[in-house]
Structure formats: structure tokens, C-alpha cells
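Text of my_file22.cif, listed as mmCIF, N, CA and C atoms and all ligand atoms:
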```
data_query
#
loop_
_atom_site.label_atom_id
_atom_site.label_comp_id
_atom_site.auth_asym_id
_atom_site.auth_seq_id
_atom_site.Cartn_x
_atom_site.Cartn_y
_atom_site.Cartn_z
N MET J 1 -59.00 17.09 -21.24
CA MET J 1 -58.04 18.17 -21.01
C MET J 1 -58.56 19.47 -21.60
N SER J 2 -58.48 20.51 -20.85
CA SER J 2 -59.00 21.79 -21.32
C SER J 2 -57.89 22.60 -21.97
N THR J 3 -58.24 23.27 -23.04
CA THR J 3 -57.27 24.17 -23.67
C THR J 3 -57.63 25.63 -23.41
N ALA J 4 -58.62 25.84 -22.53
CA ALA J 4 -59.04 27.21 -22.22
C ALA J 4 -57.89 27.98 -21.58
N ALA J 5 -57.86 29.26 -21.83
CA ALA J 5 -56.84 30.12 -21.21
C ALA J 5 -57.00 30.06 -19.69
N PRO J 6 -55.87 30.08 -18.96
CA PRO J 6 -55.99 30.02 -17.50
C PRO J 6 -56.77 31.21 -16.96
N ASP J 7 -57.52 30.95 -15.91
CA ASP J 7 -58.35 31.99 -15.31
C ASP J 7 -57.61 32.54 -14.09
N PHE J 8 -57.28 33.80 -14.13
CA PHE J 8 -56.52 34.42 -13.05
C PHE J 8 -57.41 35.22 -12.11
N SER J 9 -58.72 35.09 -12.26
CA SER J 9 -59.60 35.99 -11.50
C SER J 9 -59.47 35.80 -9.98
N PHE J 10 -59.04 34.61 -9.55
CA PHE J 10 -58.82 34.38 -8.11
C PHE J 10 -57.81 35.38 -7.54
N ALA J 11 -56.89 35.86 -8.37
CA ALA J 11 -55.80 36.71 -7.88
C ALA J 11 -56.28 38.13 -7.55
N TRP J 12 -57.51 38.48 -7.94
CA TRP J 12 -58.02 39.80 -7.57
C TRP J 12 -58.11 39.94 -6.05
N ASP J 13 -58.31 38.83 -5.35
CA ASP J 13 -58.31 38.88 -3.88
C ASP J 13 -56.96 39.37 -3.35
N TRP J 14 -55.89 38.96 -4.01
CA TRP J 14 -54.55 39.38 -3.58
C TRP J 14 -54.31 40.85 -3.91
N VAL J 15 -54.84 41.27 -5.06
CA VAL J 15 -54.72 42.69 -5.45
C VAL J 15 -55.46 43.55 -4.42
N LEU J 16 -56.66 43.10 -4.08
CA LEU J 16 -57.47 43.83 -3.09
C LEU J 16 -56.77 43.87 -1.73
N ALA J 17 -56.20 42.75 -1.31
CA ALA J 17 -55.49 42.70 -0.03
C ALA J 17 -54.30 43.66 -0.04
N ALA J 18 -53.58 43.72 -1.14
CA ALA J 18 -52.43 44.63 -1.24
C ALA J 18 -52.91 46.08 -1.21
N ALA J 19 -54.02 46.37 -1.87
CA ALA J 19 -54.56 47.74 -1.87
C ALA J 19 -55.00 48.14 -0.46
N ARG J 20 -55.59 47.19 0.25
CA ARG J 20 -56.00 47.47 1.64
C ARG J 20 -54.79 47.75 2.52
N GLN J 21 -53.72 46.97 2.33
CA GLN J 21 -52.50 47.20 3.10
C GLN J 21 -51.95 48.60 2.82
N ALA J 22 -52.02 49.00 1.56
CA ALA J 22 -51.57 50.35 1.21
C ALA J 22 -52.40 51.39 1.95
N ALA J 23 -53.72 51.20 1.93
CA ALA J 23 -54.61 52.16 2.60
C ALA J 23 -54.28 52.25 4.09
N GLU J 24 -54.08 51.08 4.71
CA GLU J 24 -53.76 51.07 6.15
C GLU J 24 -52.45 51.78 6.44
N ALA J 25 -51.54 51.75 5.47
CA ALA J 25 -50.24 52.39 5.66
C ALA J 25 -50.26 53.86 5.24
N GLY J 26 -51.45 54.37 4.87
CA GLY J 26 -51.54 55.78 4.49
C GLY J 26 -51.07 56.07 3.08
N GLU J 27 -51.00 55.02 2.26
CA GLU J 27 -50.58 55.19 0.86
C GLU J 27 -51.83 55.25 -0.03
N VAL J 28 -51.69 55.79 -1.23
CA VAL J 28 -52.76 55.67 -2.21
C VAL J 28 -53.03 54.16 -2.37
N PRO J 29 -54.29 53.73 -2.15
CA PRO J 29 -54.57 52.29 -2.06
C PRO J 29 -54.59 51.58 -3.41
N ILE J 30 -53.39 51.32 -3.90
CA ILE J 30 -53.25 50.60 -5.17
C ILE J 30 -52.37 49.37 -4.92
N GLY J 31 -52.87 48.22 -5.40
CA GLY J 31 -52.13 46.97 -5.28
C GLY J 31 -51.97 46.33 -6.65
N ALA J 32 -50.95 45.48 -6.78
CA ALA J 32 -50.71 44.81 -8.05
C ALA J 32 -50.12 43.43 -7.82
N VAL J 33 -50.40 42.51 -8.73
CA VAL J 33 -49.72 41.22 -8.74
C VAL J 33 -49.22 40.97 -10.16
N LEU J 34 -48.14 40.22 -10.23
CA LEU J 34 -47.52 39.93 -11.52
C LEU J 34 -47.30 38.43 -11.64
N PHE J 35 -47.83 37.86 -12.70
CA PHE J 35 -47.60 36.45 -13.01
C PHE J 35 -46.61 36.35 -14.15
N GLN J 36 -45.79 35.32 -14.11
CA GLN J 36 -44.98 34.93 -15.26
C GLN J 36 -45.48 33.54 -15.61
N GLY J 37 -46.12 33.41 -16.77
CA GLY J 37 -46.84 32.17 -17.05
C GLY J 37 -47.98 32.07 -16.05
N THR J 38 -48.06 30.96 -15.35
CA THR J 38 -49.10 30.82 -14.34
C THR J 38 -48.54 30.95 -12.93
N THR J 39 -47.28 31.37 -12.83
CA THR J 39 -46.63 31.49 -11.52
C THR J 39 -46.68 32.93 -11.02
N LEU J 40 -47.15 33.09 -9.79
CA LEU J 40 -47.11 34.41 -9.17
C LEU J 40 -45.65 34.75 -8.89
N ILE J 41 -45.22 35.90 -9.41
CA ILE J 41 -43.80 36.22 -9.31
C ILE J 41 -43.58 37.48 -8.46
N ALA J 42 -44.61 38.29 -8.32
CA ALA J 42 -44.49 39.49 -7.47
C ALA J 42 -45.87 39.97 -7.05
N ARG J 43 -45.90 40.54 -5.86
CA ARG J 43 -47.11 41.18 -5.36
C ARG J 43 -46.66 42.39 -4.57
N ASP J 44 -47.22 43.55 -4.86
CA ASP J 44 -46.80 44.73 -4.10
C ASP J 44 -47.90 45.78 -4.11
N ARG J 45 -47.61 46.88 -3.47
CA ARG J 45 -48.56 47.98 -3.34
C ARG J 45 -47.78 49.28 -3.41
N ASN J 46 -48.52 50.37 -3.49
CA ASN J 46 -47.85 51.67 -3.49
C ASN J 46 -47.03 51.84 -2.21
N ARG J 47 -45.84 52.38 -2.36
CA ARG J 47 -44.95 52.64 -1.22
C ARG J 47 -44.31 54.02 -1.33
N VAL J 48 -45.03 54.95 -1.97
CA VAL J 48 -44.49 56.29 -2.22
C VAL J 48 -44.16 57.00 -0.91
N GLU J 49 -45.07 56.92 0.08
CA GLU J 49 -44.85 57.59 1.37
C GLU J 49 -43.75 56.89 2.16
N ALA J 50 -43.84 55.57 2.24
CA ALA J 50 -42.87 54.81 3.05
C ALA J 50 -41.45 55.02 2.55
N LEU J 51 -41.29 55.02 1.24
CA LEU J 51 -39.95 55.14 0.67
C LEU J 51 -39.60 56.59 0.32
N GLN J 52 -40.60 57.50 0.46
CA GLN J 52 -40.42 58.88 0.01
C GLN J 52 -39.83 58.88 -1.40
N ASP J 53 -40.51 58.12 -2.25
CA ASP J 53 -40.05 57.94 -3.63
C ASP J 53 -41.27 58.05 -4.54
N PRO J 54 -41.35 59.11 -5.33
CA PRO J 54 -42.53 59.31 -6.17
C PRO J 54 -42.70 58.23 -7.23
N THR J 55 -41.67 57.41 -7.46
CA THR J 55 -41.79 56.36 -8.47
C THR J 55 -42.16 55.01 -7.85
N ALA J 56 -42.37 54.96 -6.54
CA ALA J 56 -42.63 53.66 -5.87
C ALA J 56 -44.09 53.23 -6.03
N HIS J 57 -44.52 53.14 -7.27
CA HIS J 57 -45.87 52.66 -7.58
C HIS J 57 -45.89 51.14 -7.55
N ALA J 58 -47.06 50.57 -7.25
CA ALA J 58 -47.20 49.12 -7.12
C ALA J 58 -46.66 48.38 -8.36
N GLU J 59 -46.99 48.90 -9.53
CA GLU J 59 -46.59 48.22 -10.77
C GLU J 59 -45.07 48.20 -10.93
N LEU J 60 -44.43 49.36 -10.67
CA LEU J 60 -42.97 49.43 -10.83
C LEU J 60 -42.28 48.52 -9.82
N LEU J 61 -42.80 48.49 -8.60
CA LEU J 61 -42.18 47.64 -7.57
C LEU J 61 -42.32 46.17 -7.96
N CYS J 62 -43.46 45.79 -8.52
CA CYS J 62 -43.66 44.41 -8.98
C CYS J 62 -42.68 44.07 -10.11
N ILE J 63 -42.55 44.97 -11.07
CA ILE J 63 -41.65 44.72 -12.21
C ILE J 63 -40.22 44.57 -11.73
N SER J 64 -39.82 45.50 -10.87
CA SER J 64 -38.45 45.49 -10.37
C SER J 64 -38.15 44.20 -9.61
N SER J 65 -39.08 43.81 -8.76
CA SER J 65 -38.89 42.62 -7.96
C SER J 65 -38.89 41.36 -8.83
N ALA J 66 -39.79 41.29 -9.80
CA ALA J 66 -39.87 40.12 -10.67
C ALA J 66 -38.61 39.98 -11.52
N CYS J 67 -38.14 41.10 -12.08
CA CYS J 67 -36.93 41.06 -12.92
C CYS J 67 -35.71 40.64 -12.11
N SER J 68 -35.65 41.17 -10.89
CA SER J 68 -34.54 40.82 -10.03
C SER J 68 -34.58 39.32 -9.68
N HIS J 69 -35.78 38.84 -9.36
CA HIS J 69 -35.95 37.43 -9.00
C HIS J 69 -35.60 36.50 -10.16
N LEU J 70 -36.04 36.88 -11.35
CA LEU J 70 -35.83 36.01 -12.52
C LEU J 70 -34.51 36.29 -13.22
N GLN J 71 -33.78 37.33 -12.74
CA GLN J 71 -32.54 37.75 -13.39
C GLN J 71 -32.76 37.97 -14.89
N SER J 72 -33.82 38.72 -15.19
CA SER J 72 -34.15 39.01 -16.58
C SER J 72 -34.84 40.36 -16.64
N ARG J 73 -34.51 41.16 -17.65
CA ARG J 73 -35.20 42.45 -17.75
C ARG J 73 -36.45 42.36 -18.61
N TYR J 74 -36.72 41.18 -19.15
CA TYR J 74 -37.94 40.97 -19.93
C TYR J 74 -38.86 39.97 -19.25
N LEU J 75 -40.15 40.29 -19.29
CA LEU J 75 -41.16 39.41 -18.70
C LEU J 75 -42.18 39.11 -19.81
N THR J 76 -41.70 38.43 -20.83
CA THR J 76 -42.49 38.28 -22.06
C THR J 76 -43.68 37.33 -21.88
N ASP J 77 -43.71 36.62 -20.77
CA ASP J 77 -44.87 35.76 -20.50
C ASP J 77 -45.65 36.32 -19.29
N GLY J 78 -45.54 37.62 -19.11
CA GLY J 78 -46.10 38.24 -17.92
C GLY J 78 -47.56 38.65 -18.05
N LEU J 79 -48.20 38.67 -16.92
CA LEU J 79 -49.55 39.23 -16.80
C LEU J 79 -49.55 40.09 -15.55
N LEU J 80 -49.82 41.37 -15.72
CA LEU J 80 -49.87 42.28 -14.59
C LEU J 80 -51.33 42.60 -14.29
N MET J 81 -51.71 42.39 -13.04
CA MET J 81 -53.07 42.72 -12.60
C MET J 81 -52.94 43.83 -11.56
N VAL J 82 -53.63 44.92 -11.79
CA VAL J 82 -53.47 46.09 -10.92
C VAL J 82 -54.84 46.67 -10.62
N SER J 83 -54.96 47.25 -9.42
CA SER J 83 -56.29 47.70 -9.00
C SER J 83 -56.78 48.89 -9.81
N VAL J 84 -55.86 49.73 -10.27
CA VAL J 84 -56.24 50.94 -11.00
C VAL J 84 -55.37 51.05 -12.26
N GLU J 85 -55.95 51.53 -13.32
CA GLU J 85 -55.22 51.72 -14.58
C GLU J 85 -53.87 52.40 -14.34
N PRO J 86 -52.80 51.85 -14.90
CA PRO J 86 -51.46 52.42 -14.66
C PRO J 86 -51.32 53.85 -15.19
N CYS J 87 -50.40 54.59 -14.57
CA CYS J 87 -50.04 55.92 -15.04
C CYS J 87 -49.08 55.75 -16.23
N PRO J 88 -48.79 56.83 -16.95
CA PRO J 88 -47.88 56.71 -18.11
C PRO J 88 -46.48 56.19 -17.73
N MET J 89 -45.96 56.58 -16.56
CA MET J 89 -44.64 56.09 -16.15
C MET J 89 -44.64 54.57 -16.04
N CYS J 90 -45.65 54.03 -15.36
CA CYS J 90 -45.73 52.58 -15.19
C CYS J 90 -46.01 51.89 -16.52
N ALA J 91 -46.87 52.49 -17.33
CA ALA J 91 -47.20 51.88 -18.62
C ALA J 91 -45.93 51.78 -19.49
N TYR J 92 -45.11 52.80 -19.45
CA TYR J 92 -43.87 52.76 -20.22
C TYR J 92 -42.93 51.67 -19.67
N ALA J 93 -42.85 51.58 -18.35
CA ALA J 93 -42.02 50.54 -17.73
C ALA J 93 -42.53 49.15 -18.11
N ILE J 94 -43.85 49.00 -18.16
CA ILE J 94 -44.45 47.72 -18.55
C ILE J 94 -43.99 47.36 -19.97
N SER J 95 -43.97 48.36 -20.85
CA SER J 95 -43.54 48.10 -22.22
C SER J 95 -42.04 47.80 -22.28
N LEU J 96 -41.24 48.47 -21.46
CA LEU J 96 -39.80 48.19 -21.44
C LEU J 96 -39.55 46.76 -20.99
N ALA J 97 -40.37 46.28 -20.06
CA ALA J 97 -40.22 44.90 -19.56
C ALA J 97 -40.89 43.89 -20.51
N ARG J 98 -41.53 44.42 -21.55
CA ARG J 98 -42.19 43.58 -22.57
C ARG J 98 -43.26 42.66 -21.98
N ILE J 99 -43.96 43.19 -20.98
CA ILE J 99 -45.09 42.45 -20.42
C ILE J 99 -46.24 42.57 -21.43
N PRO J 100 -46.76 41.44 -21.90
CA PRO J 100 -47.75 41.53 -22.99
C PRO J 100 -49.17 41.87 -22.56
N ARG J 101 -49.49 41.59 -21.29
CA ARG J 101 -50.90 41.75 -20.89
C ARG J 101 -51.03 42.45 -19.55
N VAL J 102 -51.92 43.42 -19.49
CA VAL J 102 -52.20 44.15 -18.25
C VAL J 102 -53.71 44.24 -18.10
N THR J 103 -54.19 43.96 -16.90
CA THR J 103 -55.60 44.14 -16.65
C THR J 103 -55.77 44.92 -15.35
N ALA J 104 -56.70 45.87 -15.37
CA ALA J 104 -56.94 46.71 -14.21
C ALA J 104 -58.38 46.54 -13.76
N ALA J 105 -58.60 46.77 -12.46
CA ALA J 105 -59.97 46.70 -11.94
C ALA J 105 -60.75 47.94 -12.33
N LEU J 106 -60.06 49.09 -12.29
CA LEU J 106 -60.74 50.37 -12.50
C LEU J 106 -59.98 51.23 -13.50
N PRO J 107 -60.70 51.92 -14.36
CA PRO J 107 -60.04 52.95 -15.18
C PRO J 107 -59.68 54.14 -14.29
N GLU J 108 -58.70 54.93 -14.70
CA GLU J 108 -58.28 56.09 -13.90
C GLU J 108 -58.32 57.34 -14.78
N PRO J 109 -59.45 58.06 -14.72
CA PRO J 109 -59.62 59.21 -15.63
C PRO J 109 -58.65 60.37 -15.37
N LYS J 110 -58.07 60.44 -14.15
CA LYS J 110 -57.18 61.57 -13.85
C LYS J 110 -55.73 61.32 -14.25
N THR J 111 -55.27 60.07 -14.12
CA THR J 111 -53.85 59.82 -14.40
C THR J 111 -53.60 58.61 -15.29
N GLY J 112 -54.63 57.92 -15.73
CA GLY J 112 -54.44 56.69 -16.50
C GLY J 112 -53.79 56.93 -17.86
N PHE J 113 -52.86 56.06 -18.24
CA PHE J 113 -52.13 56.26 -19.51
C PHE J 113 -53.08 56.26 -20.70
N SER J 114 -54.16 55.48 -20.60
CA SER J 114 -55.10 55.39 -21.71
C SER J 114 -56.29 56.33 -21.52
N SER J 115 -56.96 56.21 -20.36
CA SER J 115 -58.16 57.02 -20.11
C SER J 115 -57.86 58.51 -20.12
N ARG J 116 -56.73 58.92 -19.52
CA ARG J 116 -56.42 60.34 -19.41
C ARG J 116 -55.60 60.84 -20.60
N TYR J 117 -54.58 60.03 -20.96
CA TYR J 117 -53.62 60.52 -21.95
C TYR J 117 -53.78 59.91 -23.34
N GLY J 118 -54.65 58.91 -23.45
CA GLY J 118 -54.88 58.29 -24.76
C GLY J 118 -53.66 57.61 -25.34
N LEU J 119 -52.75 57.17 -24.46
CA LEU J 119 -51.53 56.52 -24.94
C LEU J 119 -51.72 55.02 -25.08
N SER J 120 -50.87 54.40 -25.89
CA SER J 120 -50.81 52.94 -25.88
C SER J 120 -49.35 52.57 -26.06
N PHE J 121 -48.97 51.47 -25.42
CA PHE J 121 -47.55 51.11 -25.40
C PHE J 121 -47.31 49.72 -25.95
N GLY J 122 -48.27 49.20 -26.69
CA GLY J 122 -48.05 47.91 -27.35
C GLY J 122 -48.51 46.70 -26.57
N PHE J 123 -48.79 46.86 -25.28
CA PHE J 123 -49.31 45.70 -24.53
C PHE J 123 -50.83 45.72 -24.57
N ASP J 124 -51.39 44.54 -24.32
CA ASP J 124 -52.84 44.39 -24.32
C ASP J 124 -53.37 44.88 -22.98
N PHE J 125 -54.28 45.84 -23.01
CA PHE J 125 -54.80 46.40 -21.76
C PHE J 125 -56.32 46.23 -21.70
N SER J 126 -56.79 45.77 -20.55
CA SER J 126 -58.24 45.62 -20.38
C SER J 126 -58.65 45.98 -18.96
N ILE J 127 -59.92 46.33 -18.83
CA ILE J 127 -60.53 46.52 -17.51
C ILE J 127 -61.28 45.23 -17.22
N SER J 128 -60.99 44.62 -16.08
CA SER J 128 -61.57 43.31 -15.76
C SER J 128 -62.87 43.44 -14.98
N GLU J 129 -63.88 42.79 -15.50
CA GLU J 129 -65.15 42.80 -14.78
C GLU J 129 -65.18 41.75 -13.67
N ALA J 130 -64.16 40.88 -13.64
CA ALA J 130 -64.07 39.87 -12.58
C ALA J 130 -63.49 40.48 -11.30
N ALA J 131 -62.97 41.70 -11.39
CA ALA J 131 -62.32 42.34 -10.25
C ALA J 131 -63.36 42.85 -9.25
N PRO J 132 -62.96 42.96 -7.98
CA PRO J 132 -63.85 43.53 -6.96
C PRO J 132 -63.88 45.05 -7.09
N GLN J 133 -64.52 45.53 -8.15
CA GLN J 133 -64.46 46.95 -8.50
C GLN J 133 -65.07 47.84 -7.42
N ALA J 134 -66.20 47.41 -6.84
CA ALA J 134 -66.87 48.24 -5.84
C ALA J 134 -65.98 48.45 -4.62
N GLU J 135 -65.34 47.37 -4.14
CA GLU J 135 -64.48 47.48 -2.96
C GLU J 135 -63.28 48.39 -3.24
N LEU J 136 -62.68 48.20 -4.41
CA LEU J 136 -61.50 49.00 -4.75
C LEU J 136 -61.85 50.47 -4.94
N GLN J 137 -62.99 50.70 -5.55
CA GLN J 137 -63.47 52.07 -5.75
C GLN J 137 -63.68 52.75 -4.40
N GLN J 138 -64.28 51.99 -3.48
CA GLN J 138 -64.57 52.52 -2.14
C GLN J 138 -63.26 52.89 -1.41
N LEU J 139 -62.25 52.01 -1.54
CA LEU J 139 -60.95 52.29 -0.92
C LEU J 139 -60.38 53.60 -1.45
N MET J 140 -60.45 53.80 -2.77
CA MET J 140 -59.91 55.01 -3.39
C MET J 140 -60.70 56.23 -2.91
N GLN J 141 -62.03 56.11 -2.92
CA GLN J 141 -62.86 57.25 -2.51
C GLN J 141 -62.57 57.65 -1.07
N ARG J 142 -62.50 56.65 -0.19
CA ARG J 142 -62.23 56.94 1.23
C ARG J 142 -60.89 57.64 1.39
N PHE J 143 -59.90 57.15 0.66
CA PHE J 143 -58.56 57.72 0.77
C PHE J 143 -58.57 59.19 0.37
N PHE J 144 -59.20 59.50 -0.76
CA PHE J 144 -59.15 60.88 -1.24
C PHE J 144 -60.09 61.79 -0.45
N GLN J 145 -61.15 61.23 0.13
CA GLN J 145 -62.01 62.02 1.02
C GLN J 145 -61.22 62.47 2.24
N ARG J 146 -60.44 61.53 2.79
CA ARG J 146 -59.66 61.82 3.98
C ARG J 146 -58.65 62.95 3.69
N LEU J 147 -58.07 62.93 2.49
CA LEU J 147 -57.11 63.96 2.14
C LEU J 147 -57.73 65.34 2.10
N ARG J 148 -59.01 65.37 1.69
CA ARG J 148 -59.67 66.67 1.54
C ARG J 148 -60.11 67.25 2.88
N CYS J 149 -60.22 66.41 3.93
CA CYS J 149 -60.71 66.90 5.22
C CYS J 149 -59.67 67.80 5.89
ZN ZN J 201 -47.69 54.41 -11.92
#
```

C-alpha cells encoding of this file:
Amino acid sequence: MSTAAPDFSFAWDWVLAAARQAAEAGEVPIGAVLFQGTTLIARDRNRVEALQDPTAHAELLCISSACSHLQSRYLTDGLLMVSVEPCPMCAYAISLARIPRVTAALPEPKTGFSSRYGLSFGFDFSISEAAPQAELQQLMQRFFQRLRC
């Protein structure tokens, strides 16, 4: 019997798929999945354009959906995996939900709570090298290139 920590790296495929769906829908291509323990409890993507809601970030939608599903405002056994480092709004929401661990595929120097603002909210944050960083980076670059045209 193994006592090693569970490996969630398989779930990066789902994060990537969600980010691609966002790109296809004309949204900033960010996807997220949320586990409670080892159970996938939410998967979502940015929906700012679709909902015309500036707060409809992938992370917030995952938290909202997971809390509603579990009928709990705390996700103390949670792991959030997101394609890009969360913004300060999402990072604060993560701390309100008491999610202990967050891992991102890419740092976000323009809006990231840590890279840009140097904030920390008490949860463990890491950049995952197991993530499909090149693909996700390419999605982001293509999206912002299109905006500039
Ligand atoms: Zn955000």
C-alpha cells in the first residue's frame, strides 16, 4: 500500500480542455478544476463575456458551484488547479472558502495575486511543472494577439 500523496497531474488535461472551450467561446482562455479530497467537484472556465459579469472567472465559478453542491461554504480539503495564476479577487475568494492548496500552470505577471501584487492569502500556492504549460501559454498568446488586431 502506498502512502504517497495522490497525483492529480492527470487533471491538467481537463484544465486544458476547459481553457480551450473558453477560447472557442471568445473568453480569456482560462480553465479550472476543483477537487475535494480526491473527488472532482467542479470544472469551469471563464464566462465573463457570456454572463457579462466581470467576476465570472473560472476559479470563482468552480468555488461557487462546489459550495452549492456540497452545501458548505468551506472546502477545507480542496485542491484548485487553474491554468493561470489567480487574480487577487479569486485568491481572496479561495481563502474565504478555506481551500488549502492551489496550483497553476502559468504565473501571471500582469494580474496574478502573487507575481503582480506580492500578496499571499494563507493557502499553499505553486506553479506546476506537470501542467501543459506550452499549450496553455499558446492559447493565451493567441487570444491576446487577436485582441490587438
Ligand atoms: Zn480571478

ask   = Taking only C-alpha atoms and all ligand atoms into account, which of J:Ser65, J:Asn46, J:Thr39, J:Ser95 comes nearest ligand ZN 201 (chain J)?
value =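 Closest to ligand ZN 201 (chain J) of all the choices is J:Asn46.
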
Using DSSP on the backbone coordinates, identify all residues within chain J classified as alpha helix (DSSP H); present the result as number ranges by chain.
-> J: 12-24, 48-51, 58-70, 88-96, 133-148

Residues near J:Ala50, anyone? I mean within 8 Å using all atoms listed in the file, not counting same-chain ones fewer than 6 positions away, as a PyMOL selection string. chain J and resi 25-27

As a list in words, please: the residues near J:Arg101 (cut-off 6 Å, only C-alpha atoms, same-chain neighbours under 2 positions excluded).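 Counting only C-alpha atoms, the residues come to Leu79, Ile99, Phe123 and Asp124 of chain J.
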
Check: When DSSP works through the backbone of this structure, what residues of stretch 69-130 of chain J end up as strand (DSSP E or B), shown as a PyMOL selection string?
Finding: chain J and resi 78-84+101-106+124-127

Worksheet entry | Distance query J:Leu60 at most 9 Å, only C-alpha atoms, self and fewer than 6 positions along chain excluded, as a PyMOL selection string | chain J and resi 89-90+93-94

- Within-6 Å residues of ligand ZN 201 (chain J), basis only N, CA and C atoms and all ligand atoms, as JSON, numbers by chain: {"J": [57, 86, 87, 88, 89, 90, 91]}

Need to verify the contact set: J:Asp44, 7 Å, only C-alpha atoms, exclusion of same-chain residues closer than 4 positions in sequence. Can you return it as a list of chain:residue names?
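Contacts, with the query itself left out: J:Ala18, J:Gly31, J:Ala32, J:Val33, J:Ala58, J:Leu61, J:Cys62.
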
Discussion item. With distances taken over only C-alpha atoms, which residue among J:Arg146, J:Glu108, J:Leu139, J:Glu85 lies nearest J:Ser126?
Written reply: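 Closest to J:Ser126, using only C-alpha atoms: J:Glu85.
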
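Taking atom N of J:Glu49 as the reference point, atom CA of J:Leu16 is found at 18.3 Å.
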
How far is it from atom N of J:Ala104 to atom C of J:Phe10, in Å with one decimal?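 Atom-to-atom, atom N of J:Ala104 and atom C of J:Phe10 are spaced 13.1 Å apart.
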
Contacts of J:Ala19 at 12 Å (only C-alpha atoms; same-chain gap of 4+ positions) as a compact mmCIF listing (two decimals) with N, CA and C atoms, in the frame of the given file:
```txt
# COMPACT_ATOMS: atom_id res chain seq x y z
N TRP J 12 -57.51 38.48 -7.94
CA TRP J 12 -58.02 39.80 -7.57
C TRP J 12 -58.11 39.94 -6.05
N ASP J 13 -58.31 38.83 -5.35
CA ASP J 13 -58.31 38.88 -3.88
C ASP J 13 -56.96 39.37 -3.35
N TRP J 14 -55.89 38.96 -4.01
CA TRP J 14 -54.55 39.38 -3.58
C TRP J 14 -54.31 40.85 -3.91
N VAL J 15 -54.84 41.27 -5.06
CA VAL J 15 -54.72 42.69 -5.45
C VAL J 15 -55.46 43.55 -4.42
N ALA J 23 -53.72 51.20 1.93
CA ALA J 23 -54.61 52.16 2.60
C ALA J 23 -54.28 52.25 4.09
N GLU J 24 -54.08 51.08 4.71
CA GLU J 24 -53.76 51.07 6.15
C GLU J 24 -52.45 51.78 6.44
N ALA J 25 -51.54 51.75 5.47
CA ALA J 25 -50.24 52.39 5.66
C ALA J 25 -50.26 53.86 5.24
N GLY J 26 -51.45 54.37 4.87
CA GLY J 26 -51.54 55.78 4.49
C GLY J 26 -51.07 56.07 3.08
N GLU J 27 -51.00 55.02 2.26
CA GLU J 27 -50.58 55.19 0.86
C GLU J 27 -51.83 55.25 -0.03
N VAL J 28 -51.69 55.79 -1.23
CA VAL J 28 -52.76 55.67 -2.21
C VAL J 28 -53.03 54.16 -2.37
N PRO J 29 -54.29 53.73 -2.15
CA PRO J 29 -54.57 52.29 -2.06
C PRO J 29 -54.59 51.58 -3.41
N ILE J 30 -53.39 51.32 -3.90
CA ILE J 30 -53.25 50.60 -5.17
C ILE J 30 -52.37 49.37 -4.92
N GLY J 31 -52.87 48.22 -5.40
CA GLY J 31 -52.13 46.97 -5.28
C GLY J 31 -51.97 46.33 -6.65
N ALA J 32 -50.95 45.48 -6.78
CA ALA J 32 -50.71 44.81 -8.05
C ALA J 32 -50.12 43.43 -7.82
N VAL J 33 -50.40 42.51 -8.73
CA VAL J 33 -49.72 41.22 -8.74
C VAL J 33 -49.22 40.97 -10.16
N ARG J 43 -45.90 40.54 -5.86
CA ARG J 43 -47.11 41.18 -5.36
C ARG J 43 -46.66 42.39 -4.57
N ASP J 44 -47.22 43.55 -4.86
CA ASP J 44 -46.80 44.73 -4.10
C ASP J 44 -47.90 45.78 -4.11
N ARG J 45 -47.61 46.88 -3.47
CA ARG J 45 -48.56 47.98 -3.34
C ARG J 45 -47.78 49.28 -3.41
N ASN J 46 -48.52 50.37 -3.49
CA ASN J 46 -47.85 51.67 -3.49
C ASN J 46 -47.03 51.84 -2.21
N ARG J 47 -45.84 52.38 -2.36
CA ARG J 47 -44.95 52.64 -1.22
C ARG J 47 -44.31 54.02 -1.33
N HIS J 57 -44.52 53.14 -7.27
CA HIS J 57 -45.87 52.66 -7.58
C HIS J 57 -45.89 51.14 -7.55
N ALA J 58 -47.06 50.57 -7.25
CA ALA J 58 -47.20 49.12 -7.12
C ALA J 58 -46.66 48.38 -8.36
N GLU J 59 -46.99 48.90 -9.53
CA GLU J 59 -46.59 48.22 -10.77
C GLU J 59 -45.07 48.20 -10.93
N MET J 81 -51.71 42.39 -13.04
CA MET J 81 -53.07 42.72 -12.60
C MET J 81 -52.94 43.83 -11.56
N VAL J 82 -53.63 44.92 -11.79
CA VAL J 82 -53.47 46.09 -10.92
C VAL J 82 -54.84 46.67 -10.62
N SER J 83 -54.96 47.25 -9.42
CA SER J 83 -56.29 47.70 -9.00
C SER J 83 -56.78 48.89 -9.81
N VAL J 84 -55.86 49.73 -10.27
CA VAL J 84 -56.24 50.94 -11.00
C VAL J 84 -55.37 51.05 -12.26
N ALA J 105 -58.60 46.77 -12.46
CA ALA J 105 -59.97 46.70 -11.94
C ALA J 105 -60.75 47.94 -12.33
N PRO J 132 -62.96 42.96 -7.98
CA PRO J 132 -63.85 43.53 -6.96
C PRO J 132 -63.88 45.05 -7.09
N GLN J 133 -64.52 45.53 -8.15
CA GLN J 133 -64.46 46.95 -8.50
C GLN J 133 -65.07 47.84 -7.42
N GLU J 135 -65.34 47.37 -4.14
CA GLU J 135 -64.48 47.48 -2.96
C GLU J 135 -63.28 48.39 -3.24
N LEU J 136 -62.68 48.20 -4.41
CA LEU J 136 -61.50 49.00 -4.75
C LEU J 136 -61.85 50.47 -4.94
N GLN J 137 -62.99 50.70 -5.55
CA GLN J 137 -63.47 52.07 -5.75
C GLN J 137 -63.68 52.75 -4.40
N GLN J 138 -64.28 51.99 -3.48
CA GLN J 138 -64.57 52.52 -2.14
C GLN J 138 -63.26 52.89 -1.41
N LEU J 139 -62.25 52.01 -1.54
CA LEU J 139 -60.95 52.29 -0.92
C LEU J 139 -60.38 53.60 -1.45
N MET J 140 -60.45 53.80 -2.77
CA MET J 140 -59.91 55.01 -3.39
C MET J 140 -60.70 56.23 -2.91
N PHE J 143 -59.90 57.15 0.66
CA PHE J 143 -58.56 57.72 0.77
C PHE J 143 -58.57 59.19 0.37
```

Box for stretch 9-18 of chain J - axis-aligned, 3 Å on each of the six sides, all listed atoms - centre and size in Å to one decimal, as AutoDock Vina command-line options.
```
--center_x -56.0 --center_y 40.2 --center_z -6.1 --size_x 13.2 --size_y 17.7 --size_z 18.2
```

Pairwise distance for atom CA of J:Ala97 and atom CA of J:Ser114, rounded to one decimal in Å
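Straight-line distance from atom CA of J:Ala97 to atom CA of J:Ser114 works out to 18.3 Å.
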
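The residue that comes closest to J:Leu80, out of J:Pro107, J:Ala17, J:Leu34, J:Gly122 and on the basis of all atoms listed in the file, is J:Leu34.
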
Pick from J:Tyr92, J:Ile63, J:Glu129, J:Phe35 nearest to J:Gly112, counting only C-alpha atoms: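 Smallest distance to J:Gly112 is found for J:Tyr92.
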